[in-house]
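Novice: Below are the structure tokens for one structure; questions will follow.
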Amino acid sequence: LLFFIALIIINLLLGDAAKKRTMMMVEEKSEMEEARISWANSLRKVVTRSDAIESTDGSIRQQFFKPTKIVFETSGKKWGDAQKEKLYEGLRTFGVGEWAKMKEHFEKELGEWSTLDLRVKASRLLGSQSLSRYPKGWKGTKEEVDLEYQKHKEIGEKTGCWKSGTLVEDDDGSVAKLLKERELAGQ
């Protein structure tokens with residue numbers, strides 16, 4: 001709801017100027033990127049708490065999102081080595097995105113976990129907050145998954161985007177740029 005309210009406010013404030021600016025941005029990629037960042041920053045100034053953003057330009061204050069205290073869930077279910085191994089096996093057999101198939105196939109070990117839980121656990125195994133960079137059904141052995149984790153960790157530490165054991169995106173696109181460079185270099 002807050003998102004829709006923010007969009008309405010921005011449309012009211014910007015109106016036709018935003019539509020014209022959008023048409024011009026298509027012509028020049030660097031201008032489009034700058035406009036996207038500017039738009040995101042201006043939207044953040046409206047809807048984000050002030051201590052989470054830089055007051056001057058609205059960019060994300062990365063330090064705000066680093067946890068100062070980690071709280072562990074203390075529900076009855078426990079994630080252990082058996083579950084982790086079955087998730088590795090599920091990634092090898094069924095691939096990314098096939099959480100329901102994994103849950104059904106490994107009912108004994110993974111049955112009590114929701115598909116969202118399995119997605120989050122796989123995200124942590126791969127070291128990437130976004131699994132959208134993997135096509136649905138991407139399959140990898142334990143070694144390949146561990147290599148993906150190491151790759152993401154290296155990029156995250158290089159860009160300052162390694163948060164709580166996962167690679168997260170940033171406004172500048174530096175994560176996407178490094179991933180593309182590594183892909184072109186065959187890494």
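Just so we're on the same page: first chain in the structure tokens is A, next is B, and so on; residues restart at 1 for each chain, and ligands are numbered from 1 in the order they show up.
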For stretch 51-57 of chain A, please output as a list in words all residues within 12 Å (counting only C-alpha atoms; exclusion window: fewer than 5 positions along the same chain).

Specialist: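 My reading of the contact set: Ile37, Ser38, Trp39, Ala40, Asn41, Ser42, Leu43, Arg44, Lys45, Val46, Gln62, Gln63, Phe64, Phe65 and Lys66 of chain A.
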
Novice: I want to know what sits within 9 Å of stretch 77-92 of chain A, based on only C-alpha atoms, with residues of the same chain fewer than 6 positions away left out; could you give that as number ranges by chain?

Specialist: A: 98-99, 101-103, 105-106, 109-110, 112-113, 118, 121-122, 125, 137-142, 145

Novice: Output N, CA, C and O atoms of each residue in that selection to a file, as a PDB file, in the first residue's frame.

Specialist:
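again-v4.pdb written:
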ATOM      1  N   GLU A  98      12.785 -25.474  -8.024  1.00  0.00           N
ATOM      2  CA  GLU A  98      11.943 -26.668  -7.933  1.00  0.00           C
ATOM      3  C   GLU A  98      11.777 -27.108  -6.475  1.00  0.00           C
ATOM      4  O   GLU A  98      11.957 -28.267  -6.126  1.00  0.00           O
ATOM      5  N   TRP A  99      11.417 -26.145  -5.641  1.00  0.00           N
ATOM      6  CA  TRP A  99      11.357 -26.370  -4.191  1.00  0.00           C
ATOM      7  C   TRP A  99      10.283 -27.389  -3.819  1.00  0.00           C
ATOM      8  O   TRP A  99      10.507 -28.234  -2.945  1.00  0.00           O
ATOM      9  N   LYS A 101       9.145 -29.876  -5.605  1.00  0.00           N
ATOM     10  CA  LYS A 101       9.607 -31.219  -5.982  1.00  0.00           C
ATOM     11  C   LYS A 101      10.608 -31.744  -4.962  1.00  0.00           C
ATOM     12  O   LYS A 101      10.569 -32.913  -4.586  1.00  0.00           O
ATOM     13  N   MET A 102      11.515 -30.872  -4.515  1.00  0.00           N
ATOM     14  CA  MET A 102      12.501 -31.284  -3.506  1.00  0.00           C
ATOM     15  C   MET A 102      11.799 -31.689  -2.216  1.00  0.00           C
ATOM     16  O   MET A 102      12.106 -32.715  -1.622  1.00  0.00           O
ATOM     17  N   LYS A 103      10.857 -30.846  -1.811  1.00  0.00           N
ATOM     18  CA  LYS A 103      10.130 -31.088  -0.566  1.00  0.00           C
ATOM     19  C   LYS A 103       9.391 -32.424  -0.627  1.00  0.00           C
ATOM     20  O   LYS A 103       9.419 -33.205   0.316  1.00  0.00           O
ATOM     21  N   HIS A 105      10.037 -35.032  -2.758  1.00  0.00           N
ATOM     22  CA  HIS A 105      10.959 -36.146  -2.944  1.00  0.00           C
ATOM     23  C   HIS A 105      11.724 -36.492  -1.660  1.00  0.00           C
ATOM     24  O   HIS A 105      11.975 -37.668  -1.385  1.00  0.00           O
ATOM     25  N   PHE A 106      12.088 -35.470  -0.909  1.00  0.00           N
ATOM     26  CA  PHE A 106      12.833 -35.680   0.336  1.00  0.00           C
ATOM     27  C   PHE A 106      11.935 -35.372   1.536  1.00  0.00           C
ATOM     28  O   PHE A 106      12.302 -34.620   2.428  1.00  0.00           O
ATOM     29  N   GLU A 109      13.308 -35.561   5.230  1.00  0.00           N
ATOM     30  CA  GLU A 109      14.257 -34.537   5.688  1.00  0.00           C
ATOM     31  C   GLU A 109      13.744 -33.113   5.487  1.00  0.00           C
ATOM     32  O   GLU A 109      14.036 -32.228   6.289  1.00  0.00           O
ATOM     33  N   LEU A 110      12.995 -32.864   4.408  1.00  0.00           N
ATOM     34  CA  LEU A 110      12.607 -31.493   4.068  1.00  0.00           C
ATOM     35  C   LEU A 110      11.109 -31.219   4.186  1.00  0.00           C
ATOM     36  O   LEU A 110      10.675 -30.091   3.972  1.00  0.00           O
ATOM     37  N   GLU A 112       8.965 -30.780   6.575  1.00  0.00           N
ATOM     38  CA  GLU A 112       8.427 -29.785   7.518  1.00  0.00           C
ATOM     39  C   GLU A 112       8.798 -28.347   7.144  1.00  0.00           C
ATOM     40  O   GLU A 112       8.336 -27.405   7.765  1.00  0.00           O
ATOM     41  N   TRP A 113       9.624 -28.181   6.103  1.00  0.00           N
ATOM     42  CA  TRP A 113      10.062 -26.854   5.677  1.00  0.00           C
ATOM     43  C   TRP A 113       9.220 -26.376   4.509  1.00  0.00           C
ATOM     44  O   TRP A 113       8.905 -27.136   3.603  1.00  0.00           O
ATOM     45  N   LEU A 118      13.010 -23.386   1.865  1.00  0.00           N
ATOM     46  CA  LEU A 118      13.990 -24.070   1.013  1.00  0.00           C
ATOM     47  C   LEU A 118      14.664 -23.082   0.060  1.00  0.00           C
ATOM     48  O   LEU A 118      15.865 -23.159  -0.189  1.00  0.00           O
ATOM     49  N   LYS A 121      17.179 -21.139   2.128  1.00  0.00           N
ATOM     50  CA  LYS A 121      18.333 -21.989   2.443  1.00  0.00           C
ATOM     51  C   LYS A 121      19.210 -22.182   1.201  1.00  0.00           C
ATOM     52  O   LYS A 121      20.443 -22.137   1.298  1.00  0.00           O
ATOM     53  N   ALA A 122      18.601 -22.372   0.035  1.00  0.00           N
ATOM     54  CA  ALA A 122      19.365 -22.515  -1.200  1.00  0.00           C
ATOM     55  C   ALA A 122      20.084 -21.211  -1.536  1.00  0.00           C
ATOM     56  O   ALA A 122      21.230 -21.219  -1.987  1.00  0.00           O
ATOM     57  N   LEU A 125      23.099 -21.206   0.483  1.00  0.00           N
ATOM     58  CA  LEU A 125      24.104 -22.152  -0.023  1.00  0.00           C
ATOM     59  C   LEU A 125      24.840 -21.563  -1.226  1.00  0.00           C
ATOM     60  O   LEU A 125      26.054 -21.724  -1.363  1.00  0.00           O
ATOM     61  N   GLY A 137      15.463 -24.182 -12.830  1.00  0.00           N
ATOM     62  CA  GLY A 137      15.951 -25.522 -13.125  1.00  0.00           C
ATOM     63  C   GLY A 137      17.462 -25.625 -13.216  1.00  0.00           C
ATOM     64  O   GLY A 137      17.980 -26.701 -13.485  1.00  0.00           O
ATOM     65  N   TRP A 138      18.190 -24.496 -13.017  1.00  0.00           N
ATOM     66  CA  TRP A 138      19.659 -24.573 -13.018  1.00  0.00           C
ATOM     67  C   TRP A 138      20.076 -25.634 -12.029  1.00  0.00           C
ATOM     68  O   TRP A 138      19.632 -25.642 -10.889  1.00  0.00           O
ATOM     69  N   LYS A 139      20.914 -26.555 -12.469  1.00  0.00           N
ATOM     70  CA  LYS A 139      21.346 -27.650 -11.605  1.00  0.00           C
ATOM     71  C   LYS A 139      22.841 -27.554 -11.369  1.00  0.00           C
ATOM     72  O   LYS A 139      23.594 -27.141 -12.255  1.00  0.00           O
ATOM     73  N   GLY A 140      23.247 -27.932 -10.175  1.00  0.00           N
ATOM     74  CA  GLY A 140      24.657 -27.925  -9.848  1.00  0.00           C
ATOM     75  C   GLY A 140      24.978 -28.950  -8.785  1.00  0.00           C
ATOM     76  O   GLY A 140      24.184 -29.192  -7.873  1.00  0.00           O
ATOM     77  N   THR A 141      26.152 -29.536  -8.912  1.00  0.00           N
ATOM     78  CA  THR A 141      26.624 -30.469  -7.895  1.00  0.00           C
ATOM     79  C   THR A 141      26.994 -29.673  -6.644  1.00  0.00           C
ATOM     80  O   THR A 141      27.055 -28.436  -6.670  1.00  0.00           O
ATOM     81  N   LYS A 142      27.286 -30.371  -5.577  1.00  0.00           N
ATOM     82  CA  LYS A 142      27.709 -29.718  -4.341  1.00  0.00           C
ATOM     83  C   LYS A 142      28.933 -28.838  -4.603  1.00  0.00           C
ATOM     84  O   LYS A 142      28.998 -27.703  -4.143  1.00  0.00           O
ATOM     85  N   VAL A 145      27.878 -25.718  -6.541  1.00  0.00           N
ATOM     86  CA  VAL A 145      27.171 -24.800  -5.649  1.00  0.00           C
ATOM     87  C   VAL A 145      28.171 -24.086  -4.748  1.00  0.00           C
ATOM     88  O   VAL A 145      28.099 -22.866  -4.556  1.00  0.00           O
TER      89      VAL A 145
END

Novice: Give me, as an MDAnalysis selection string, the residues of chain A that a backbone DSSP run labels alpha helix (DSSP H).

Specialist: chainID A and resid 2:27 29:47 81:93 99:105 107:110 115:126 142:159 174:184

Novice: A:Pro135, A:Gly127, A:Gly97, A:Gly186: which is nearest A:Leu167, counting only C-alpha atoms?

Specialist: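 Nearest to A:Leu167: A:Gly127.
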
Novice: Which is closer to A:Glu148 than all the others in A:Lys177, A:Arg119, A:Arg182, A:Lys163, using only C-alpha atoms?

Specialist: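 Going through A:Lys177, A:Arg119, A:Arg182, A:Lys163 one by one, the smallest distance to A:Glu148 is for A:Arg182.
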
Novice: With only C-alpha atoms as the atoms that count, which of A:Val96, A:Leu184, A:Leu147, A:Val168 lies nearest to A:Gln129?

Specialist: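 Answer, going by the shortest atom-to-atom distance: A:Val168.
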
Novice: Could you jot down the atom CA of A:Ile5 to atom CA of A:Val47 separation for me, Å, one decimal place?

Specialist: 9.3 Å

Novice: So, counting only C-alpha atoms, which residue among A:Thr115, A:Glu154, A:Ser130, A:Met32 is closest to A:Glu169?

Specialist: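 Looking at the shortest contact to A:Glu169, the residue is A:Ser130.
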